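A short write-up of the structure that comes next.
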Amino acid sequence: MNKHILDQSVQEYINQHLNDDVAKIAMAKSPFITVEAKELANQIAAKNKSQRKLPGWYQAANIYYPALLSIEQCSSEATARHKATLIKGNSLIDLTGGFGVDSLYFAKNTSTVTHCEINTELSEIAAHNAIVLGQNNITFFAGNGIAMLEQSGTTFDTIYIDPARRSTAGKVFMLKDCTPNVVEHLDALLSKSNRIIIKTAPLLDLSAGLKELRNVAEIHIVSVKNEVKELLWIIEKDAGSTPKVVCTTLNDQEKNFHFIKNKEELTEPNLLSGSLSTYLYEPDSALLKSGAFNLIGKTYNLQKLDSQTQLYTASEANKLFPGRIFKINKIIKSGELKKEKQLTGNVIVRNYRDKAENLVKKYKIKPDQHRFLIFTQSKTEGYLIIDATIEQHY
């Protein structure tokens, strides 16, 4: 950590050149003897990357930014704030603290937080920024968090760990392919806390995760603007045999959909038996990740278009639904599409026989900000195109 980056003149330079080409800055001669050009370029690039993801850091003075990869891999403020609501008790240890975003938000919801980071420089950076941001109840340990925890006689109310995926080219992603290997260390973790929160990549299959882990009390699927950002596994010593699945969408308004894992298999699908109703429902990616397609219909009183079509219809617009709602203007049969003149709309394809880009080209569909053409398939009408306008965004 080059502390000269925090010099007032250097900070002023960084703020004055936020809109400049960082590649040119990196190649040019640095105006400072104590700070290299590539360091200036990294600070500028990382700060710009933080503007939307970490607005609190971006707006604060004298924040020290790590390598750009650390900014790309860290939690956003939105997801970190949500995670902080899942912790229990007065003490927490973050075994893979990184840039410190999660630890800072954990510290707002508990008395003490221990931040562990094996990268010494990154640990120092996180400690500096915590002071800048006014969070003084975090202890920083530069070293292997798992080793420190196992050797320590201390227990914690909550343990948080975000294992990094190792290179597994050509293999199915599994928890044992991550570092630290939480499957291998699970007994040790449970001996140190009653509650463990494991963050995994969104692409991990729920069933695969449940095969590797045990004592799973809850699975949280968190999305932002229809993109699943985090998959959180809550492990508890006294967890039952069937976990609770919670889907949370973090947009302008937070929405939740939850169920007990085995309920989906026990729920009959409510398939469309006639014509489509007034509104079309498209579930958020968090709901789709859960696989609870039958329960989505039952919970929100919707009819599913087809067993393989993850779209639903209803006569009313339920604003509590986590996803998009469209008002249907008209239905176009697939065979009648060529008769339509001057087609306009954003093309969406769901369980249809062609790709969106091919359909746009084939039917010369022009974009329209407010109109949608949804190419899909229903149980009663086969392939069809739904001409619709947006009623509710994600």
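How things are named: the first chain in the structure tokens is A, the next is B, and so on; residues count from 1 in each chain; ligands count from 1 in the order shown.
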>> I'd like the contact shell of Lys199 in chain A - 6 Å cut-off, only C-alpha atoms, skipping same-chain residues fewer than 6 positions apart - returned as a list in words.
In response: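 Here the qualifying residues turn out to be Asp162, Leu231 and Leu232 of chain A.
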>> If you run DSSP on the backbone here, which positions in range 112-215 of chain A get alpha helix (DSSP H)? Please write them as number ranges by chain.
In response: A: 120-132, 145-151, 182-190, 206-212
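If you measure from each of A:Ala60, A:His4, A:Asn301, A:Gln377 to Glu39 in chain A using only C-alpha atoms, the closest one turns out to be A:His4.
The two atoms in question, CA of Thr389 in chain A and CA of Ile328 in chain A, are spaced 6.7 Å apart.
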> Among range 165-284 of chain A, which residues carry a DSSP assignment of strand (DSSP E), reported as a count of residues only?
Replying inline: 47
> For Glu381 in chain A, which residue out of A:Ala292, A:Pro31, A:Gly323, A:Leu272 is the nearest one, using only C-alpha atoms?
Replying inline: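 Smallest separation from Glu381 in chain A among the options: A:Leu272.
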> Which distance in Å separates CA of Cys247 in chain A and CA of Tyr58 in chain A, to one decimal?
Replying inline: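 CA of Cys247 in chain A sits 28.9 Å away from CA of Tyr58 in chain A.
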>> Applying 7 Å and only C-alpha atoms, which residues near Ile374 in chain A remain after dropping the ones on its own chain fewer than 3 positions away? List them as a PyMOL selection string.
In response: chain A and resi 347-349+385-387
Would you list the contacts of Ala26 in chain A as a JSON list (two decimals) with all heavy atoms, in the first residue's frame, taking every protein, DNA or RNA residue within 12 Å and counting only C-alpha atoms, but skipping same-chain residues closer than 2 positions in sequence?
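Printed below is out05.json as written:
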```
[["chain", "number", "residue", "atom", "x", "y", "z"],
["A", 20, "ASP", "N", -10.73, 10.83, -17.84],
["A", 20, "ASP", "CA", -9.65, 10.66, -18.81],
["A", 20, "ASP", "C", -9.41, 9.19, -19.13],
["A", 20, "ASP", "O", -9.89, 8.29, -18.44],
["A", 20, "ASP", "CB", -8.36, 11.29, -18.27],
["A", 20, "ASP", "CG", -8.46, 12.81, -18.16],
["A", 20, "ASP", "OD1", -9.54, 13.36, -18.52],
["A", 20, "ASP", "OD2", -7.49, 13.44, -17.72],
["A", 21, "ASP", "N", -8.66, 8.96, -20.19],
["A", 21, "ASP", "CA", -8.32, 7.61, -20.64],
["A", 21, "ASP", "C", -7.26, 7.02, -19.71],
["A", 21, "ASP", "O", -6.11, 7.47, -19.68],
["A", 21, "ASP", "CB", -7.79, 7.67, -22.08],
["A", 21, "ASP", "CG", -7.60, 6.30, -22.69],
["A", 21, "ASP", "OD1", -7.37, 5.33, -21.94],
["A", 21, "ASP", "OD2", -7.67, 6.19, -23.94],
["A", 22, "VAL", "N", -7.64, 6.00, -18.94],
["A", 22, "VAL", "CA", -6.70, 5.44, -17.96],
["A", 22, "VAL", "C", -5.53, 4.73, -18.64],
["A", 22, "VAL", "O", -4.43, 4.67, -18.08],
["A", 22, "VAL", "CB", -7.42, 4.46, -16.99],
["A", 22, "VAL", "CG1", -8.36, 5.22, -16.08],
["A", 22, "VAL", "CG2", -8.14, 3.36, -17.74],
["A", 23, "ALA", "N", -5.74, 4.22, -19.86],
["A", 23, "ALA", "CA", -4.65, 3.56, -20.57],
["A", 23, "ALA", "C", -3.56, 4.58, -20.91],
["A", 23, "ALA", "O", -2.36, 4.28, -20.79],
["A", 23, "ALA", "CB", -5.18, 2.90, -21.84],
["A", 24, "LYS", "N", -3.97, 5.76, -21.31],
["A", 24, "LYS", "CA", -3.00, 6.82, -21.63],
["A", 24, "LYS", "C", -2.29, 7.29, -20.36],
["A", 24, "LYS", "O", -1.09, 7.57, -20.37],
["A", 24, "LYS", "CB", -3.70, 7.98, -22.31],
["A", 24, "LYS", "CG", -4.17, 7.68, -23.73],
["A", 24, "LYS", "CD", -4.79, 8.90, -24.37],
["A", 24, "LYS", "CE", -5.22, 8.60, -25.81],
["A", 24, "LYS", "NZ", -5.86, 9.78, -26.44],
["A", 28, "ALA", "N", 1.76, 7.23, -19.67],
["A", 28, "ALA", "CA", 2.43, 8.53, -19.60],
["A", 28, "ALA", "C", 3.33, 8.61, -18.37],
["A", 28, "ALA", "O", 3.27, 7.76, -17.48],
["A", 28, "ALA", "CB", 1.39, 9.64, -19.58],
["A", 29, "LYS", "N", 4.12, 9.65, -18.32],
["A", 29, "LYS", "CA", 4.99, 9.87, -17.16],
["A", 29, "LYS", "C", 4.17, 10.41, -16.00],
["A", 29, "LYS", "O", 3.36, 11.31, -16.16],
["A", 29, "LYS", "CB", 6.09, 10.86, -17.52],
["A", 29, "LYS", "CG", 7.08, 11.10, -16.38],
["A", 29, "LYS", "CD", 8.15, 12.09, -16.79],
["A", 29, "LYS", "CE", 9.13, 12.35, -15.64],
["A", 29, "LYS", "NZ", 10.19, 13.32, -16.00],
["A", 30, "SER", "N", 4.39, 9.85, -14.82],
["A", 30, "SER", "CA", 3.65, 10.30, -13.65],
["A", 30, "SER", "C", 4.11, 11.69, -13.22],
["A", 30, "SER", "O", 5.32, 11.98, -13.22],
["A", 30, "SER", "CB", 3.86, 9.33, -12.48],
["A", 30, "SER", "OG", 3.31, 9.86, -11.28],
["A", 31, "PRO", "N", 3.19, 12.57, -12.85],
["A", 31, "PRO", "CA", 3.58, 13.90, -12.35],
["A", 31, "PRO", "C", 4.12, 13.86, -10.92],
["A", 31, "PRO", "O", 4.50, 14.90, -10.38],
["A", 31, "PRO", "CB", 2.27, 14.69, -12.44],
["A", 31, "PRO", "CG", 1.19, 13.67, -12.32],
["A", 31, "PRO", "CD", 1.74, 12.43, -12.96],
["A", 35, "VAL", "N", 4.55, 8.31, -6.72],
["A", 35, "VAL", "CA", 3.43, 7.49, -7.20],
["A", 35, "VAL", "C", 3.62, 7.19, -8.69],
["A", 35, "VAL", "O", 3.78, 8.12, -9.49],
["A", 35, "VAL", "CB", 2.07, 8.19, -6.99],
["A", 35, "VAL", "CG1", 0.93, 7.29, -7.48],
["A", 35, "VAL", "CG2", 1.87, 8.53, -5.52],
["A", 36, "GLU", "N", 3.62, 5.93, -9.06],
["A", 36, "GLU", "CA", 3.80, 5.54, -10.46],
["A", 36, "GLU", "C", 2.54, 5.79, -11.28],
["A", 36, "GLU", "O", 1.42, 5.84, -10.74],
["A", 36, "GLU", "CB", 4.17, 4.07, -10.55],
["A", 36, "GLU", "CG", 5.51, 3.73, -9.91],
["A", 36, "GLU", "CD", 5.84, 2.25, -10.04],
["A", 36, "GLU", "OE1", 5.07, 1.51, -10.70],
["A", 36, "GLU", "OE2", 6.87, 1.83, -9.47],
["A", 37, "ALA", "N", 2.73, 5.92, -12.57],
["A", 37, "ALA", "CA", 1.61, 6.20, -13.49],
["A", 37, "ALA", "C", 0.58, 5.07, -13.44],
["A", 37, "ALA", "O", -0.63, 5.32, -13.46],
["A", 37, "ALA", "CB", 2.13, 6.39, -14.90],
["A", 38, "LYS", "N", 1.04, 3.82, -13.37],
["A", 38, "LYS", "CA", 0.10, 2.70, -13.34],
["A", 38, "LYS", "C", -0.72, 2.69, -12.05],
["A", 38, "LYS", "O", -1.87, 2.22, -12.04],
["A", 38, "LYS", "CB", 0.83, 1.37, -13.53],
["A", 38, "LYS", "CG", 1.81, 1.02, -12.43],
["A", 38, "LYS", "CD", 2.49, -0.32, -12.72],
["A", 38, "LYS", "CE", 3.45, -0.69, -11.59],
["A", 38, "LYS", "NZ", 4.12, -2.01, -11.87],
["A", 39, "GLU", "N", -0.15, 3.22, -10.97],
["A", 39, "GLU", "CA", -0.90, 3.31, -9.71],
["A", 39, "GLU", "C", -2.00, 4.36, -9.84],
["A", 39, "GLU", "O", -3.13, 4.16, -9.36],
["A", 39, "GLU", "CB", 0.04, 3.68, -8.57],
["A", 39, "GLU", "CG", 1.01, 2.58, -8.18],
["A", 39, "GLU", "CD", 1.95, 3.00, -7.06],
["A", 39, "GLU", "OE1", 2.65, 4.01, -7.23],
["A", 39, "GLU", "OE2", 1.97, 2.32, -6.02],
["A", 40, "LEU", "N", -1.68, 5.47, -10.46],
["A", 40, "LEU", "CA", -2.69, 6.52, -10.69],
["A", 40, "LEU", "C", -3.82, 5.98, -11.56],
["A", 40, "LEU", "O", -5.00, 6.20, -11.28],
["A", 40, "LEU", "CB", -2.05, 7.73, -11.37],
["A", 40, "LEU", "CG", -1.04, 8.53, -10.54],
["A", 40, "LEU", "CD1", -0.34, 9.56, -11.43],
["A", 40, "LEU", "CD2", -1.73, 9.23, -9.37],
["A", 41, "ALA", "N", -3.45, 5.25, -12.62],
["A", 41, "ALA", "CA", -4.46, 4.70, -13.54],
["A", 41, "ALA", "C", -5.37, 3.72, -12.81],
["A", 41, "ALA", "O", -6.59, 3.72, -13.03],
["A", 41, "ALA", "CB", -3.77, 4.01, -14.72],
["A", 42, "ASN", "N", -4.80, 2.89, -11.94],
["A", 42, "ASN", "CA", -5.61, 1.93, -11.21],
["A", 42, "ASN", "C", -6.57, 2.62, -10.25],
["A", 42, "ASN", "O", -7.74, 2.22, -10.13],
["A", 42, "ASN", "CB", -4.72, 0.97, -10.43],
["A", 42, "ASN", "CG", -5.54, -0.07, -9.67],
["A", 42, "ASN", "OD1", -6.03, -1.04, -10.24],
["A", 42, "ASN", "ND2", -5.72, 0.14, -8.37],
["A", 43, "GLN", "N", -6.10, 3.65, -9.55],
["A", 43, "GLN", "CA", -6.97, 4.38, -8.62],
["A", 43, "GLN", "C", -8.15, 5.01, -9.36],
["A", 43, "GLN", "O", -9.29, 4.96, -8.89],
["A", 43, "GLN", "CB", -6.17, 5.45, -7.88],
["A", 43, "GLN", "CG", -5.16, 4.92, -6.88],
["A", 43, "GLN", "CD", -5.80, 4.16, -5.73],
["A", 43, "GLN", "OE1", -6.70, 4.66, -5.06],
["A", 43, "GLN", "NE2", -5.35, 2.94, -5.49],
["A", 44, "ILE", "N", -7.87, 5.58, -10.52],
["A", 44, "ILE", "CA", -8.93, 6.22, -11.31],
["A", 44, "ILE", "C", -9.92, 5.18, -11.82],
["A", 44, "ILE", "O", -11.14, 5.35, -11.71],
["A", 44, "ILE", "CB", -8.31, 7.01, -12.48],
["A", 44, "ILE", "CG1", -7.54, 8.23, -11.93],
["A", 44, "ILE", "CG2", -9.40, 7.48, -13.46],
["A", 44, "ILE", "CD1", -6.67, 8.92, -12.96],
["A", 45, "ALA", "N", -9.41, 4.08, -12.38],
["A", 45, "ALA", "CA", -10.29, 3.03, -12.92],
["A", 45, "ALA", "C", -11.13, 2.41, -11.82],
["A", 45, "ALA", "O", -12.34, 2.17, -11.99],
["A", 45, "ALA", "CB", -9.45, 1.96, -13.62]]
```
> Can you list, as number ranges by chain, every protein, DNA or RNA residue that comes within 10 Å of Leu250 in chain A when you count only C-alpha atoms, leaving out same-chain residues fewer than 6 positions away?
Replying inline: A: 78-79, 82, 222-227, 256, 322, 394
>> So the first atom is CA of Ser103 in chain A and the second is CA of Ile197 in chain A; what is the distance between them in Å, to one decimal place?
In response: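 Computing it gives 12.8 Å between the two atoms.
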>> Can you tell me which residues surround Leu213 in chain A at a distance of at most 9 Å, considering only C-alpha atoms, apart from same-chain residues fewer than 4 positions away, and format the answer as JSON, numbers by chain?
In response: {"A": [175, 182, 183, 186, 208, 209, 235]}
> Leaving out range 88-97 of chain A and any residue of its chain fewer than 2 positions from it, which residues lie within 7 Å of it when counting only C-alpha atoms, given as a ChimeraX atom specification?
Replying inline: /A:86,99-100,103,110-117,145-146,156-162
> Smallest atom-to-atom distance to Ser152 in chain A: which of A:Leu271, A:Leu189, A:Ile138, A:Ile125, using only C-alpha atoms?
Replying inline: A:Leu189
